[in-house]
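Q: If it helps, the file is called protein_2.tsv and holds TSV, C-alpha atoms:
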```tsv
chain	number	residue	atom	x	y	z
A	1	MET	CA	-5.94	-67.06	-12.64
A	2	ARG	CA	-7.47	-64.57	-10.25
A	3	THR	CA	-5.29	-65.91	-7.42
A	4	TYR	CA	-2.10	-65.45	-9.46
A	5	LEU	CA	-3.13	-61.90	-10.42
A	6	SER	CA	-3.83	-61.03	-6.78
A	7	ALA	CA	-0.43	-62.43	-5.74
A	8	ALA	CA	1.32	-60.46	-8.48
A	9	LEU	CA	-0.42	-57.22	-7.48
A	10	SER	CA	0.51	-57.82	-3.84
A	11	ALA	CA	4.16	-58.34	-4.82
A	12	VAL	CA	4.15	-55.12	-6.87
A	13	LEU	CA	2.61	-53.22	-3.94
A	14	LEU	CA	5.26	-54.56	-1.55
A	15	VAL	CA	8.06	-53.45	-3.88
A	16	LEU	CA	6.48	-50.00	-4.37
A	17	LEU	CA	6.19	-49.46	-0.61
A	18	ALA	CA	9.73	-50.72	-0.04
A	19	VAL	CA	10.84	-47.85	-2.30
A	20	LEU	CA	8.29	-45.17	-1.43
A	21	VAL	CA	8.62	-45.38	2.36
A	22	PRO	CA	12.37	-44.60	2.52
A	23	VAL	CA	12.15	-42.03	-0.29
A	24	SER	CA	9.24	-40.30	1.47
A	25	ALA	CA	11.04	-40.19	4.81
A	26	LEU	CA	14.37	-39.05	3.38
A	27	SER	CA	12.94	-36.34	1.12
A	28	ALA	CA	10.84	-34.86	3.93
A	29	TRP	CA	13.86	-35.06	6.27
A	30	VAL	CA	16.15	-33.22	3.86
A	31	ASP	CA	13.64	-30.49	3.07
A	32	LEU	CA	12.05	-29.95	6.49
A	33	GLU	CA	14.93	-30.64	8.89
A	34	ILE	CA	18.35	-30.54	7.24
A	35	ASP	CA	17.57	-27.50	5.09
A	36	ASP	CA	15.88	-25.58	7.94
A	37	THR	CA	18.23	-23.72	10.29
A	38	ASP	CA	15.97	-23.78	13.35
A	39	ARG	CA	15.20	-27.50	13.07
A	40	TYR	CA	18.87	-28.23	12.40
A	41	LEU	CA	19.86	-26.35	15.56
A	42	ALA	CA	17.14	-28.07	17.57
A	43	ALA	CA	18.65	-31.41	16.57
A	44	VAL	CA	22.32	-30.64	17.30
A	45	SER	CA	21.99	-28.25	20.26
A	46	PRO	CA	21.65	-31.06	22.86
A	47	LEU	CA	25.02	-32.43	21.69
A	48	ALA	CA	26.72	-29.80	23.84
A	49	SER	CA	26.23	-32.28	26.69
A	50	ASP	CA	27.29	-35.34	24.68
A	51	PRO	CA	30.52	-36.88	26.12
A	52	ASP	CA	31.97	-37.64	22.66
A	53	VAL	CA	31.44	-34.05	21.52
A	54	GLN	CA	32.82	-32.61	24.76
A	55	ASN	CA	35.92	-34.82	24.54
A	56	THR	CA	36.45	-33.95	20.87
A	57	VAL	CA	36.22	-30.22	21.60
A	58	ALA	CA	38.53	-30.50	24.62
A	59	THR	CA	41.10	-32.44	22.60
A	60	LEU	CA	41.05	-30.01	19.67
A	61	VAL	CA	41.35	-26.94	21.92
A	62	THR	CA	44.16	-28.54	23.94
A	63	ASP	CA	46.08	-29.62	20.84
A	64	GLU	CA	45.88	-26.11	19.39
A	65	ALA	CA	47.04	-24.55	22.64
A	66	MET	CA	49.96	-26.94	23.16
A	67	GLN	CA	51.38	-26.10	19.73
A	68	ASN	CA	52.26	-22.65	21.14
A	69	ILE	CA	53.58	-23.82	24.52
A	70	ASP	CA	56.87	-25.55	25.31
A	71	LEU	CA	57.54	-26.44	28.94
A	72	GLY	CA	59.97	-29.28	28.39
A	73	PRO	CA	59.45	-32.04	30.96
A	74	LEU	CA	56.27	-30.36	32.25
A	75	GLN	CA	54.64	-30.38	28.82
A	76	GLU	CA	52.60	-33.54	29.40
A	77	THR	CA	51.44	-32.39	32.84
A	78	LEU	CA	50.23	-29.06	31.48
A	79	GLU	CA	48.54	-30.75	28.55
A	80	GLN	CA	46.58	-33.04	30.84
A	81	PHE	CA	45.65	-30.13	33.13
A	82	LEU	CA	44.52	-27.99	30.22
A	83	HIS	CA	42.48	-30.84	28.73
A	84	GLU	CA	40.69	-31.44	32.03
A	85	THR	CA	40.04	-27.72	32.46
A	86	VAL	CA	38.58	-27.36	28.98
A	87	GLN	CA	36.52	-30.52	29.47
A	88	SER	CA	35.12	-29.03	32.64
A	89	PHE	CA	34.19	-25.87	30.75
A	90	THR	CA	32.19	-27.93	28.23
A	91	THR	CA	29.63	-28.62	30.98
A	92	THR	CA	28.77	-24.93	31.42
A	93	GLU	CA	26.03	-22.77	29.91
A	94	SER	CA	28.70	-20.63	28.26
A	95	PHE	CA	29.81	-23.63	26.24
A	96	GLN	CA	26.20	-24.35	25.27
A	97	ARG	CA	25.84	-20.82	23.88
A	98	ALA	CA	29.15	-21.07	22.03
A	99	TRP	CA	28.19	-24.49	20.63
A	100	ASP	CA	24.86	-23.14	19.34
A	101	SER	CA	26.63	-20.18	17.72
A	102	ALA	CA	29.14	-22.50	16.03
A	103	ASN	CA	26.37	-24.74	14.71
A	104	ARG	CA	24.32	-21.85	13.37
A	105	THR	CA	27.36	-20.99	11.26
A	106	ALA	CA	27.91	-24.68	10.44
A	107	HIS	CA	24.46	-24.88	8.92
A	108	GLN	CA	25.72	-22.63	6.15
A	109	ALA	CA	28.12	-25.44	5.18
A	110	VAL	CA	25.21	-27.89	5.17
A	111	THR	CA	23.24	-25.52	2.94
A	112	ALA	CA	26.23	-25.19	0.61
A	113	ALA	CA	26.44	-28.98	0.38
A	114	LEU	CA	22.75	-29.14	-0.54
A	115	HIS	CA	22.70	-26.25	-2.99
A	116	GLY	CA	25.70	-27.07	-5.12
A	117	ASP	CA	29.04	-25.66	-3.92
A	118	SER	CA	31.56	-28.33	-4.92
A	119	GLY	CA	34.63	-29.20	-2.86
A	120	GLN	CA	33.02	-27.93	0.34
A	121	PRO	CA	33.21	-30.13	3.44
A	122	VAL	CA	30.55	-29.88	6.12
A	123	ILE	CA	32.33	-28.70	9.27
A	124	ILE	CA	31.62	-27.24	12.69
A	125	ASP	CA	34.09	-24.39	13.13
A	126	LEU	CA	35.05	-24.27	16.81
A	127	ALA	CA	36.56	-20.76	16.70
A	128	PRO	CA	33.62	-19.24	18.67
A	129	VAL	CA	33.95	-22.06	21.20
A	130	ILE	CA	37.72	-21.58	21.52
A	131	GLU	CA	37.29	-17.83	21.97
A	132	GLN	CA	34.79	-18.43	24.77
A	133	VAL	CA	37.02	-21.09	26.37
A	134	LYS	CA	40.04	-18.82	26.24
A	135	GLY	CA	38.20	-15.94	27.86
A	136	GLU	CA	36.88	-18.16	30.65
A	137	LEU	CA	40.31	-19.71	31.31
A	138	VAL	CA	42.08	-16.35	31.31
A	139	ASN	CA	39.53	-14.91	33.73
A	140	SER	CA	40.02	-17.97	35.96
A	141	GLY	CA	43.79	-17.44	36.02
A	142	VAL	CA	44.67	-20.70	34.24
A	143	PRO	CA	48.40	-20.64	33.34
A	144	PHE	CA	49.23	-20.09	29.65
A	145	ALA	CA	45.55	-19.70	28.74
A	146	ASP	CA	46.35	-16.41	27.02
A	147	GLN	CA	48.50	-18.36	24.53
A	148	ILE	CA	45.56	-20.37	23.18
A	149	PRO	CA	45.20	-19.28	19.52
A	150	VAL	CA	41.69	-18.30	18.42
A	151	GLU	CA	41.56	-19.59	14.86
A	152	SER	CA	39.56	-21.89	12.66
A	153	THR	CA	39.57	-25.32	14.27
A	154	ALA	CA	36.86	-27.61	13.01
A	155	ILE	CA	35.08	-30.90	13.54
A	156	THR	CA	34.60	-32.43	10.11
A	157	VAL	CA	31.09	-33.84	9.85
A	158	LEU	CA	31.17	-34.66	6.13
A	159	SER	CA	34.28	-34.71	3.97
A	160	ALA	CA	34.37	-32.71	0.72
A	161	ASP	CA	34.53	-35.88	-1.40
A	162	ARG	CA	31.59	-37.47	0.38
A	163	ALA	CA	29.60	-34.22	0.16
A	164	ASP	CA	30.22	-34.13	-3.60
A	165	ASP	CA	29.09	-37.77	-3.90
A	166	LEU	CA	25.85	-37.12	-2.01
A	167	ARG	CA	25.00	-33.70	-3.44
A	168	GLY	CA	22.94	-34.95	-6.37
A	169	SER	CA	20.85	-37.21	-4.13
A	170	PHE	CA	20.34	-34.42	-1.59
A	171	GLN	CA	19.18	-31.99	-4.25
A	172	TRP	CA	16.78	-34.53	-5.76
A	173	LEU	CA	15.32	-35.38	-2.34
A	174	ARG	CA	14.94	-31.70	-1.47
A	175	ARG	CA	13.00	-31.04	-4.68
A	176	CYS	CA	10.71	-33.98	-3.91
A	177	SER	CA	9.96	-32.51	-0.46
A	178	VAL	CA	6.86	-34.07	1.14
A	179	TRP	CA	5.27	-35.17	-2.15
A	180	PRO	CA	6.46	-38.80	-2.03
A	181	ALA	CA	4.80	-39.10	1.39
A	182	VAL	CA	1.58	-37.65	-0.05
A	183	TRP	CA	1.70	-40.06	-2.99
A	184	THR	CA	2.31	-42.97	-0.63
A	185	VAL	CA	-0.75	-42.12	1.48
A	186	VAL	CA	-2.89	-41.69	-1.65
A	187	LEU	CA	-1.69	-45.06	-2.97
A	188	LEU	CA	-2.54	-46.82	0.29
A	189	VAL	CA	-6.03	-45.30	0.43
A	190	LEU	CA	-6.69	-46.22	-3.20
A	191	VAL	CA	-5.48	-49.81	-2.79
A	192	VAL	CA	-7.53	-50.52	0.33
A	193	GLY	CA	-10.54	-48.57	-0.94
A	194	LEU	CA	-10.65	-50.34	-4.31
A	195	ALA	CA	-10.25	-53.70	-2.61
A	196	LEU	CA	-13.21	-52.92	-0.35
A	197	VAL	CA	-15.41	-51.72	-3.21
A	198	ARG	CA	-14.61	-54.56	-5.60
A	199	GLY	CA	-14.12	-57.49	-3.22
A	200	GLY	CA	-15.89	-56.61	-0.01
A	201	LEU	CA	-14.66	-56.65	3.57
A	202	ARG	CA	-12.38	-59.69	3.28
A	203	ALA	CA	-10.62	-58.26	0.25
A	204	GLY	CA	-10.20	-54.92	2.02
A	205	LEU	CA	-8.72	-56.59	5.09
A	206	GLY	CA	-6.37	-58.59	2.87
A	207	ALA	CA	-5.24	-55.41	1.14
A	208	ALA	CA	-4.66	-53.76	4.53
A	209	ALA	CA	-2.47	-56.70	5.56
A	210	VAL	CA	-0.42	-56.42	2.37
A	211	VAL	CA	-0.08	-52.66	2.88
A	212	GLY	CA	1.12	-53.29	6.44
A	213	GLY	CA	3.73	-55.74	5.20
A	214	GLY	CA	4.93	-53.20	2.65
A	215	LEU	CA	5.23	-50.52	5.32
A	216	VAL	CA	7.30	-52.83	7.52
A	217	LEU	CA	9.53	-53.76	4.58
A	218	GLY	CA	9.99	-50.09	3.63
A	219	ALA	CA	10.86	-49.17	7.22
A	220	ILE	CA	13.51	-51.90	7.32
A	221	VAL	CA	15.01	-50.57	4.07
A	222	LEU	CA	15.07	-47.06	5.55
A	223	ARG	CA	16.86	-48.28	8.68
A	224	ILE	CA	19.46	-50.07	6.56
A	225	LEU	CA	20.03	-46.91	4.49
A	226	VAL	CA	20.56	-44.83	7.64
A	227	ALA	CA	23.08	-47.36	9.00
A	228	VAL	CA	24.96	-47.67	5.69
A	229	GLY	CA	25.01	-43.88	5.33
A	230	ARG	CA	26.53	-43.56	8.79
A	231	ASP	CA	29.35	-45.95	7.94
A	232	ARG	CA	30.08	-44.24	4.62
A	233	VAL	CA	30.08	-40.75	6.12
A	234	LEU	CA	32.38	-41.69	9.01
A	235	ASP	CA	34.78	-43.62	6.75
A	236	GLU	CA	36.27	-40.35	5.45
A	237	VAL	CA	36.15	-38.35	8.69
A	238	PRO	CA	39.55	-37.91	10.42
A	239	GLY	CA	39.98	-40.21	13.40
A	240	SER	CA	40.20	-37.35	15.90
A	241	ASP	CA	36.84	-36.00	14.71
A	242	ARG	CA	35.02	-39.33	14.42
A	243	GLY	CA	33.42	-39.33	17.86
A	244	GLY	CA	31.99	-35.85	17.40
A	245	ALA	CA	30.94	-36.52	13.80
A	246	ALA	CA	29.17	-39.74	14.82
A	247	ALA	CA	27.27	-37.87	17.55
A	248	VAL	CA	26.20	-35.17	15.05
A	249	TYR	CA	25.11	-37.78	12.46
A	250	ASP	CA	23.10	-39.70	15.06
A	251	ALA	CA	21.42	-36.50	16.29
A	252	LEU	CA	20.48	-35.40	12.78
A	253	THR	CA	19.09	-38.82	11.85
A	254	ALA	CA	17.23	-39.37	15.13
A	255	SER	CA	13.93	-38.37	13.48
A	256	LEU	CA	14.52	-40.95	10.73
A	257	ARG	CA	15.09	-43.70	13.29
A	258	THR	CA	11.91	-42.63	15.09
A	259	THR	CA	10.06	-42.76	11.77
A	260	VAL	CA	11.31	-46.32	11.26
A	261	TRP	CA	9.73	-47.49	14.51
A	262	ILE	CA	6.47	-45.61	13.93
A	263	VAL	CA	6.08	-47.12	10.45
A	264	ILE	CA	6.96	-50.60	11.73
A	265	VAL	CA	4.33	-50.36	14.48
A	266	VAL	CA	1.66	-49.06	12.07
A	267	GLY	CA	2.56	-51.74	9.53
A	268	ALA	CA	2.49	-54.51	12.13
A	269	VAL	CA	-0.94	-53.36	13.36
A	270	LEU	CA	-2.26	-53.45	9.79
A	271	VAL	CA	-0.83	-56.90	9.16
A	272	VAL	CA	-2.16	-58.40	12.38
A	273	GLY	CA	-5.50	-56.58	12.14
A	274	GLY	CA	-5.98	-57.46	8.49
A	275	LEU	CA	-5.15	-61.15	8.89
A	276	ALA	CA	-7.15	-61.48	12.10
A	277	GLY	CA	-10.12	-59.72	10.51
A	278	ARG	CA	-10.02	-62.02	7.47
A	279	TYR	CA	-9.84	-65.08	9.69
A	280	LEU	CA	-12.80	-63.99	11.85
A	281	SER	CA	-14.78	-62.96	8.79
A	282	GLY	CA	-14.13	-66.35	7.23
A	283	ARG	CA	-15.26	-68.17	10.36
A	284	ARG	CA	-18.49	-66.18	10.47
A	285	SER	CA	-19.16	-66.94	6.82
A	286	THR	CA	-18.50	-70.65	7.41
A	287	GLY	CA	-20.77	-70.64	10.44
A	288	ARG	CA	-23.64	-69.06	8.48
A	289	ASN	CA	-23.22	-71.50	5.59
A	290	ALA	CA	-23.23	-74.48	7.98
A	291	GLY	CA	-26.38	-73.30	9.80
A	292	PRO	CA	-29.83	-74.90	9.39
```
Using structure tokens, write down the structure that the file contains.
A:
Amino acid sequence: MRTYLSAALSAVLLVLLAVLVPVSALSAWVDLEIDDTDRYLAAVSPLASDPDVQNTVATLVTDEAMQNIDLGPLQETLEQFLHETVQSFTTTESFQRAWDSANRTAHQAVTAALHGDSGQPVIIDLAPVIEQVKGELVNSGVPFADQIPVESTAITVLSADRADDLRGSFQWLRRCSVWPAVWTVVLLVLVVGLALVRGGLRAGLGAAAVVGGGLVLGAIVLRILVAVGRDRVLDEVPGSDRGGAAAVYDALTASLRTTVWIVIVVGAVLVVGGLAGRYLSGRRSTGRNAGP
């Protein structure tokens, strides 16, 4: 009977950790990174050097410019030249500053998505970038650069429909903040501590092994949620924006993927350490019982 009860409690603990680990990571992520302007910028700022983002920006700027230019048979040649020129500009420090400025403004759209404005997509408005590009190209004497319109041109990161679908979950996770992580740590300490007090070292090591297995299972669930979320978000992003949106999503979820690996390593150490400790403890007990 005691064996069945122990197995049932272990199964319950595994299920609890499979839920608590991803909830803890996601709620802390939403509250501490996504909802914080400085941390948000720290995550997306390096994307100024990402090839997908640079190509997306160059394509959008070129497309906007070519709508105002008609050179007949030379249209394609100018379009290619302009695209290459803009792409070259995306490697400069001026572009980095413009990209950071655009994303600081974009964070307001993220905040709106979290705090309840319906029908609002999450976008990165490239108007500051286009204005900077235009000024650089005009100063460099690039033909027709003065005809580039400076207007709202955006990379869609999250469609309005998808933002509306996710808003309730985002708000709930933000309210939870770091508390699920605190509860998870308290639960783990209580489980291992009670096992040690009531059953001794072997029971404590067994509980540690079960806890480790639950952590690994929860980390796997978190990784699956991040991957599924990526697919769902990009499904409704326009094709021309998908490369840039994917780069932004991956940058913002990088800390979650790091968390997955940290939790897996910690869980694996607990599993291996707990099982190995139980085995060695059992051998010592057997040796003492078999002695003269």
Q: Measuring atom to atom with only C-alpha atoms, identify which of A:Ser159, A:Ser240, A:Ser45, A:Thr253 is nearest to A:Leu60.
A: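 Ranked by minimum distance to A:Leu60, first place goes to A:Ser240.
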Q: Find the residues around stretch 84-88 of chain A up to 9 Å (all atoms listed in the file counted), leave out those fewer than 2 positions away in its own chain, and share them as a list in words.
A: Gln54, Asn55, Val57, Ala58, Thr59, Val61, Thr62, Glu79, Gln80, Phe81, Leu82, Thr90, Thr91, Thr92, Val133, Leu137 and Val142 of chain A
Q: Residues at most 9 Å from stretch 8-19 of chain A, counting only C-alpha atoms, excluding those fewer than 5 positions away in the same chain, as number ranges by chain?
A: A: 3, 24, 184, 191, 207, 210-211, 213-222
Q: Just how far from atom CA of A:Ile123 is atom CA of A:Val110, in Å to one decimal?
A: 8.3 Å
Q: Ranking A:Val248, A:Leu225, A:Val197, A:Leu78 by minimum distance to A:Ala106 and counting only C-alpha atoms, which one comes first?
A: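 Closest to A:Ala106 of all the choices is A:Val248.
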Q: Enclose the full set of atoms of stretch 192-196 of chain A listed in the file within a box whose edges lie along x, y and z, apply 6 Å of padding to each of the six sides, and report centre and edge lengths in Å to one decimal as lines of an AutoDock Vina configuration file.
A:
```
center_x = -10.4
center_y = -51.1
center_z = -2.0
size_x = 17.7
size_y = 17.1
size_z = 16.6
```
